[in-house]
Each structure stands twice: as structure tokens, then as C-alpha cells.
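K.L.:
Compact mmCIF, C-alpha atoms, file model15.txt:
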```txt
# COMPACT_ATOMS: atom_id res chain seq x y z
CA MET A 304 -79.60 16.01 20.38
CA LYS A 305 -80.46 15.10 23.97
CA ASP A 306 -79.46 17.43 26.80
CA SER A 307 -78.12 14.47 28.78
CA GLU A 308 -77.86 10.74 28.19
CA THR A 309 -76.12 7.74 29.69
CA VAL A 310 -73.45 6.52 27.27
CA GLY A 311 -71.78 3.76 29.22
CA THR A 312 -70.18 2.44 32.37
CA ILE A 313 -66.52 2.36 33.38
CA THR A 314 -65.26 -1.21 33.30
CA ASP A 315 -61.52 -0.59 33.60
CA ILE A 316 -59.31 2.24 34.85
CA ARG A 317 -55.61 2.29 34.02
CA ARG A 318 -52.71 4.64 34.41
CA TYR A 319 -49.18 4.50 33.08
CA PRO A 320 -46.68 5.95 35.57
CA VAL A 321 -43.82 5.68 33.06
CA LYS A 322 -44.53 6.71 29.48
CA SER A 323 -44.30 3.89 26.92
CA LEU A 324 -44.32 1.13 29.55
CA GLY A 325 -47.34 -0.95 30.44
CA GLY A 326 -49.42 0.37 33.31
CA GLU A 327 -51.51 -0.62 36.28
CA ALA A 328 -55.20 -1.33 36.85
CA MET A 329 -57.02 0.78 39.42
CA ALA A 330 -60.35 0.44 41.21
CA ALA A 331 -60.61 4.23 41.48
CA ALA A 332 -58.64 7.23 40.26
CA ALA A 333 -58.52 10.96 40.92
CA LEU A 334 -58.94 13.09 37.79
CA VAL A 335 -56.93 16.31 37.94
CA PRO A 336 -57.15 19.31 35.55
CA GLY A 337 -54.02 19.47 33.44
CA ASP A 338 -52.79 16.05 34.54
CA GLY A 339 -55.67 13.64 33.96
CA VAL A 340 -55.43 10.50 36.08
CA ALA A 341 -53.26 11.42 39.05
CA GLY A 342 -49.75 10.06 38.53
CA ASP A 343 -50.31 9.14 34.89
CA ARG A 344 -47.23 9.37 32.65
CA ALA A 345 -45.31 11.32 35.26
CA TYR A 346 -41.99 9.72 34.30
CA VAL A 347 -39.95 8.58 31.33
CA LEU A 348 -36.96 6.27 30.99
CA CYS A 349 -33.86 7.80 29.41
CA ALA A 350 -30.74 6.10 28.06
CA LEU A 351 -27.74 6.83 30.23
CA ASP A 352 -25.34 7.16 27.29
CA ASP A 353 -27.14 9.63 25.01
CA GLY A 354 -30.28 10.71 26.90
CA LYS A 355 -32.71 9.28 24.33
CA ILE A 356 -36.17 8.59 25.74
CA VAL A 357 -37.54 5.03 25.68
CA GLN A 358 -40.39 4.87 23.15
CA ALA A 359 -42.86 2.03 22.79
CA SER A 360 -43.27 2.90 19.11
CA ARG A 361 -39.63 1.88 18.52
CA PRO A 362 -39.38 -1.67 19.86
CA ARG A 363 -36.30 -2.42 17.75
CA ASP A 364 -34.41 0.24 19.69
CA TRP A 365 -35.92 -0.87 23.00
CA PRO A 366 -36.56 -4.61 22.72
CA GLY A 367 -38.22 -5.06 26.11
CA VAL A 368 -40.42 -1.99 26.19
CA MET A 369 -43.69 -3.73 25.23
CA GLU A 370 -43.15 -6.41 27.86
CA THR A 371 -42.24 -4.11 30.77
CA SER A 372 -44.82 -2.46 33.02
CA ALA A 373 -44.68 0.08 35.83
CA ALA A 374 -46.81 0.76 38.90
CA TYR A 375 -46.52 3.00 41.93
CA ILE A 376 -45.53 1.14 45.06
CA ASP A 377 -47.79 3.36 47.14
CA GLY A 378 -50.22 6.12 46.21
CA ASP A 379 -50.06 8.42 43.19
CA SER A 380 -46.35 9.21 43.26
CA GLY A 381 -43.01 8.05 44.62
CA PRO A 382 -41.04 4.87 43.94
CA ILE A 383 -41.94 2.75 40.92
CA ARG A 384 -42.20 -1.03 40.79
CA TYR A 385 -41.21 -2.46 37.41
CA THR A 386 -42.39 -5.86 36.21
CA LEU A 387 -40.14 -7.32 33.50
CA ALA A 388 -41.01 -9.81 30.76
CA ASP A 389 -39.90 -12.79 32.84
CA GLY A 390 -42.01 -11.69 35.80
CA THR A 391 -39.11 -10.19 37.74
CA ARG A 392 -40.12 -7.22 39.88
CA VAL A 393 -37.72 -4.48 40.87
CA SER A 394 -38.14 -1.15 42.64
CA SER A 395 -36.82 2.11 41.20
CA ALA A 396 -35.08 2.52 44.58
CA ASP A 397 -33.23 -0.80 44.26
CA PRO A 398 -29.47 -0.31 43.55
CA ALA A 399 -29.74 -3.13 40.98
CA VAL A 400 -32.52 -1.46 38.99
CA VAL A 401 -30.25 -0.04 36.26
CA GLU A 402 -28.69 -3.44 35.60
CA LYS A 403 -32.04 -5.24 35.56
CA LEU A 404 -33.71 -2.70 33.28
CA ALA A 405 -30.68 -2.79 30.97
CA GLY A 406 -31.24 -6.52 30.56
CA SER A 407 -34.80 -5.79 29.49
CA MET A 408 -34.28 -2.63 27.42
CA GLY A 409 -30.99 -3.59 25.81
CA ARG A 410 -29.03 -0.69 27.33
CA PRO A 411 -28.78 1.15 30.67
CA VAL A 412 -31.65 3.55 31.38
CA ALA A 413 -32.66 5.80 34.24
CA LEU A 414 -35.96 7.21 35.47
CA ALA A 415 -36.60 10.92 34.89
CA GLU A 416 -39.55 13.20 35.42
CA SER A 417 -41.59 13.79 32.29
CA ALA A 418 -41.46 17.23 30.74
CA GLN A 419 -45.22 16.98 30.26
CA VAL A 420 -46.52 15.26 33.37
CA GLY A 421 -49.84 13.54 32.83
CA ARG A 422 -50.12 14.60 29.21
CA ILE A 423 -51.22 12.16 26.56
CA LYS A 424 -50.12 14.23 23.62
CA ASP A 425 -52.96 16.79 23.48
CA GLY A 426 -55.32 15.61 26.21
CA ASP A 427 -55.66 14.78 29.88
CA VAL A 428 -57.60 11.51 29.71
CA HIS A 429 -57.95 8.87 26.99
CA LEU A 430 -61.32 7.09 26.68
CA LEU A 431 -62.34 4.11 24.56
CA THR A 432 -65.65 2.25 24.21
CA THR A 433 -66.48 -1.40 23.70
CA ALA A 434 -68.65 -0.28 20.76
CA SER A 435 -65.57 0.96 18.90
CA LEU A 436 -63.64 -2.25 19.61
CA ALA A 437 -66.61 -4.30 18.39
CA ALA A 438 -66.84 -2.20 15.22
CA LEU A 439 -63.16 -2.80 14.46
CA ALA A 440 -63.46 -6.52 15.20
CA ALA A 441 -66.38 -6.83 12.79
CA LEU A 442 -64.30 -5.16 10.07
CA HIS A 443 -61.21 -7.31 10.71
CA PRO A 444 -62.48 -10.61 12.22
CA GLU A 445 -59.03 -12.21 12.10
CA GLY A 446 -57.61 -9.54 14.39
CA ARG A 447 -57.70 -9.24 18.15
CA PHE A 448 -59.00 -5.86 19.22
CA GLU A 449 -58.39 -5.58 22.94
CA ALA A 450 -58.18 -2.46 25.09
CA ARG A 451 -54.51 -3.04 25.92
CA ARG A 452 -53.59 -2.44 22.30
CA PHE A 453 -54.86 1.14 22.62
CA ARG A 454 -53.95 1.95 26.25
CA PRO A 455 -57.00 3.95 27.34
CA ASN A 456 -57.23 5.42 30.82
CA LEU A 457 -60.94 4.71 30.96
CA MET A 458 -62.47 1.71 29.21
CA ILE A 459 -66.21 2.19 28.72
CA GLU A 460 -68.84 -0.52 28.36
CA SER A 461 -71.30 0.86 25.81
CA PRO A 462 -75.06 0.45 26.32
CA ALA A 463 -76.84 -2.42 24.62
CA GLY A 464 -77.53 -1.58 21.00
CA ALA A 465 -74.72 0.97 20.65
CA GLU A 466 -72.86 0.39 17.40
CA GLY A 467 -69.97 1.93 15.55
CA PHE A 468 -67.44 4.51 16.68
CA VAL A 469 -69.87 6.10 19.10
CA GLU A 470 -67.39 8.36 20.89
CA ASN A 471 -66.78 10.29 17.66
CA ASP A 472 -70.05 12.09 18.41
CA TRP A 473 -68.89 13.09 21.88
CA VAL A 474 -66.34 15.63 20.64
CA GLY A 475 -67.20 19.14 21.84
CA ARG A 476 -69.51 17.87 24.58
CA ARG A 477 -69.09 17.34 28.32
CA LEU A 478 -69.04 14.01 30.08
CA ARG A 479 -70.04 13.80 33.73
CA ILE A 480 -68.70 10.91 35.83
CA GLY A 481 -69.71 11.29 39.47
CA ASP A 482 -68.34 14.67 40.59
CA ALA A 483 -65.84 14.89 37.72
CA VAL A 484 -66.60 16.66 34.46
CA LEU A 485 -64.63 16.07 31.28
CA ARG A 486 -64.76 18.01 28.03
CA ILE A 487 -64.21 15.76 25.03
CA SER A 488 -61.62 17.64 22.99
CA HIS A 489 -60.89 15.48 19.95
CA ARG A 490 -60.63 12.02 18.47
CA THR A 491 -57.52 9.95 19.13
CA VAL A 492 -55.32 9.57 16.06
CA ARG A 493 -53.57 6.21 16.26
CA CYS A 494 -49.90 5.52 15.52
CA VAL A 495 -48.11 2.21 15.03
CA LEU A 496 -48.33 1.23 18.71
CA PRO A 497 -51.63 -0.74 18.54
CA THR A 498 -50.18 -2.97 15.81
CA LEU A 499 -47.21 -4.17 17.89
CA ALA A 500 -46.94 -7.53 19.64
CA GLN A 501 -47.32 -7.55 23.40
CA GLY A 502 -47.79 -10.53 25.65
CA ASP A 503 -49.96 -13.01 23.76
CA LEU A 504 -51.20 -10.35 21.34
CA PRO A 505 -49.49 -10.84 17.96
CA LYS A 506 -48.15 -8.12 15.72
CA ASP A 507 -50.94 -7.08 13.36
CA PRO A 508 -50.47 -4.14 10.96
CA VAL A 509 -54.04 -4.62 9.72
CA VAL A 510 -55.27 -3.22 13.04
CA LEU A 511 -54.14 0.27 12.04
CA ARG A 512 -55.14 -0.15 8.40
CA THR A 513 -58.66 -1.04 9.52
CA ALA A 514 -58.88 2.10 11.65
CA VAL A 515 -57.50 4.26 8.84
CA LYS A 516 -59.84 2.87 6.21
CA ASN A 517 -62.98 3.00 8.32
CA ASN A 518 -62.53 5.87 10.79
CA GLY A 519 -59.74 8.09 9.52
CA GLY A 520 -57.19 6.33 11.73
CA ASP A 521 -58.98 7.38 14.93
CA VAL A 522 -59.90 5.07 17.80
CA GLY A 523 -61.22 6.58 21.03
CA VAL A 524 -61.22 10.19 22.22
CA TYR A 525 -59.19 12.56 24.39
CA ALA A 526 -60.76 14.67 27.11
CA MET A 527 -59.73 17.59 29.28
CA VAL A 528 -60.61 17.58 32.99
CA GLU A 529 -62.82 20.61 33.68
CA THR A 530 -63.96 19.63 37.17
CA PRO A 531 -61.78 17.37 39.32
CA GLY A 532 -63.19 14.31 41.01
CA THR A 533 -62.72 10.64 41.71
CA VAL A 534 -64.00 8.03 39.25
CA ARG A 535 -64.54 4.36 40.01
CA ALA A 536 -65.10 1.17 38.10
CA GLY A 537 -68.85 0.82 37.70
CA ASP A 538 -69.52 4.56 37.45
CA GLU A 539 -71.98 5.65 34.77
CA LEU A 540 -71.05 8.30 32.20
CA ARG A 541 -73.55 11.03 31.41
CA LEU A 542 -73.01 12.88 28.17
CA GLU A 543 -74.24 16.47 28.27
CA GLY A 544 -75.10 18.88 25.50
CA PRO A 545 -72.59 21.28 23.94
```
Could the structure of this file be written out as C-alpha cells, please?
P.N.:
Amino acid sequence: MKDSETVGTITDIRRYPVKSLGGEAMAAAALVPGDGVAGDRAYVLCALDDGKIVQASRPRDWPGVMETSAAYIDGDSGPIRYTLADGTRVSSADPAVVEKLAGSMGRPVALAESAQVGRIKDGDVHLLTTASLAALAALHPEGRFEARRFRPNLMIESPAGAEGFVENDWVGRRLRIGDAVLRISHRTVRCVLPTLAQGDLPKDPVVLRTAVKNNGGDVGVYAMVETPGTVRAGDELRLEGP
């Protein structure tokens, strides 16, 4: 095992200010211990009648969730700008926001701070490589394996010749990106979310079956931020020894 090797380049950075909603692309992002990408998943939407949290994995309960995205209006916190399925944009500070979101979600909802700010289940940052997407596409050629199905924070262009689920071998090692250092904690176990329709991506249950059959249901990895820093599109990733 090499002490250090280049394992890819960041091609896309995304954060999701409101859990379960689509997110926003970023040219650069601050990585913060305990939070991951600054501002990521800081909020949830809750039903006004019973307090239930909007969940992307339950589109029948929340019909517009897969077609609604959220972005910060300025910086890494503060008011949210929602973009609805029909392209309508509305600020979380707009008095009409409850009515407009209700038309998208099927019932009135309100923004609330997340109980686990920045947490993606058991990690800080979610990473995915083009090698893994290519491996899945080769196994299920009829499917469309795009990053947005899996919602990574950092999308990584793998080096030429890299094949298979390469990030599986990163678990337990450290990844250096500029001044930031991540510790790869574990593989990302997928749920039903990547199979759901969104935009022009069709519903495809075989997406998850392919991952289960060929990689134990895992696609991508989670990492903890050990050393804070700013990462940018185009940054190289150096994988260090255990």
C-alpha cells in the first residue's frame, strides 16, 4: 500500500441546506469538523399539522419533494431560496412561502433547524467517484447512473484506468484536499432514494438492486472532517496511509 497517492479530482461540490430537498452547486466550500460542508443539511421542513418531517424517501407522502431544491440566498446560513418544480422561486422570508410550498408538498410545511446539523446519517461529508458510477453503468447499461441520484457532497473524477468501486479501499485512511484532511469512516449504504424519479431521471428500482448484488448495497463513502479547510472544484485528492 502506498503512503500517498492521487486518487482523483473534485469535479462538483454540492450542499443541501434543507434535508431531503435538492441542493446547490458550489465552486468552493468550507469543510467543518462535525458539520461537513458548511451549511449542509442545517434545516428540515416539518408539516404544520402533525410535525412530521419531509422525507425524500417517501414521495407519496410528499409529492413535490424530489422536484424542489433549496439554496442559501447569501453565504452559509440565513434565508433559504426554494425552487419549485415549475421553476417558481420563493424566499423562506416571503409571507407567501407556506402557501407556495404547500402547493408543492401537498400540505403546509415550515422550516425548522435540524436536530443534527450537517450530519449525513453517520458522517460529515459524502464522496462518490466516477469509477463507481461507471462500474454500475456497466452492470446495468439500461440505467442512468448520475451523481444526482446519490447526492454526494464531493463528486470525484477518478484517474484514467481506475475501475470498480475504488472508494471501498479508502475506508480507514485519510484523504487530503488542500488544507483539509478527511478520515474515510465507512461505505455509504444506499436506501430507496437513488431509485426515485427526479427531473428527467426515471424511476429505476434496478439501480439499487445492481448496487446490492455487486457491492453489498454500498455506493460511495462517508468521511469525517479531521482538519478544517476550504476545498474547490479542480482540487486533487491525496489518499494517505492508515
K.L.:
Distance CA of Val469 in chain A-CA of Gly311 in chain A, one decimal place?
P.N.:
10.6 Å
K.L.:
Distance CA of Asp364 in chain A-CA of Ala396 in chain A, one decimal place?
P.N.:
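Distance reported for this atom pair: 25.0 Å.
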K.L.:
Mind checking which residues fall within 10 Å of range 327-342 of chain A, counting only C-alpha atoms, ignoring those fewer than 6 positions away in the same chain, and posting them as a VMD selection string?
P.N.:
chain A and resid 314 to 321 372 to 375 378 to 381 419 to 423 426 to 429 456 to 457 482 to 485 526 to 538
K.L.:
Determine the nearest neighbour of Tyr346 in chain A from the options A:Gly520, A:Pro505, A:Gly326, A:Pro362, counting only C-alpha atoms.
P.N.:
A:Gly326
K.L.:
With all atoms listed in the file as the basis for distance, which of A:Lys322, A:Arg454, A:Arg361, A:Arg384 is at the shortest distance from Ala345 in chain A?
P.N.:
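Distance minimum relative to Ala345 in chain A lands on A:Lys322.
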K.L.:
Suppose you want the space between CA of Glu460 in chain A and CA of Ile313 in chain A; what is it in Å?
P.N.:
6.2 Å
K.L.:
Please provide as a count of residues only all residues within 10 Å of Ser435 in chain A, with the sequence filter that same-chain residues fewer than 6 positions apart are discarded (counting all atoms listed in the file).
P.N.:
15
K.L.:
Counting all atoms listed in the file, I want the residues whose atoms come within 10 Å of (-57.4, -9.3, 18.5) in the file frame, returned as an MDAnalysis selection string.
P.N.:
chainID A and resid 436 439:440 443:450 452 498 503:507 510
K.L.:
Name the closest residue to Gly390 in chain A among the candidates A:Arg451, A:Gly464, A:Gly502, A:Asp353; distances are taken between atoms, counting all atoms listed in the file.
P.N.:
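Result for the nearest residue to Gly390 in chain A: A:Gly502.
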K.L.:
Return as lines of an AutoDock Vina configuration file the centre and edge lengths, in Å with one decimal, of the box along x, y and z that encloses every atom of range 517-522 of chain A in the file, padded by 4 Å per side.
P.N.:
```
center_x = -60.1
center_y = 5.5
center_z = 13.1
size_x = 13.8
size_y = 13.1
size_z = 17.5
```
K.L.:
Show which residues sit within 9 Å of Ser360 in chain A, as an mmCIF file with C-alpha atoms, in the coordinates of the input. Count all atoms listed in the file, and ignore same-chain residues fewer than 4 positions away.
P.N.:
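What follows is the written file result08.cif:
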```
data_model
loop_
_atom_site.group_PDB
_atom_site.id
_atom_site.type_symbol
_atom_site.label_atom_id
_atom_site.label_comp_id
_atom_site.auth_asym_id
_atom_site.auth_seq_id
_atom_site.Cartn_x
_atom_site.Cartn_y
_atom_site.Cartn_z
ATOM 1 C CA SER A 323 -44.300 3.890 26.920
ATOM 2 C CA CYS A 494 -49.900 5.520 15.520
ATOM 3 C CA VAL A 495 -48.110 2.210 15.030
ATOM 4 C CA LEU A 496 -48.330 1.230 18.710
ATOM 5 C CA LEU A 499 -47.210 -4.170 17.890
#
```
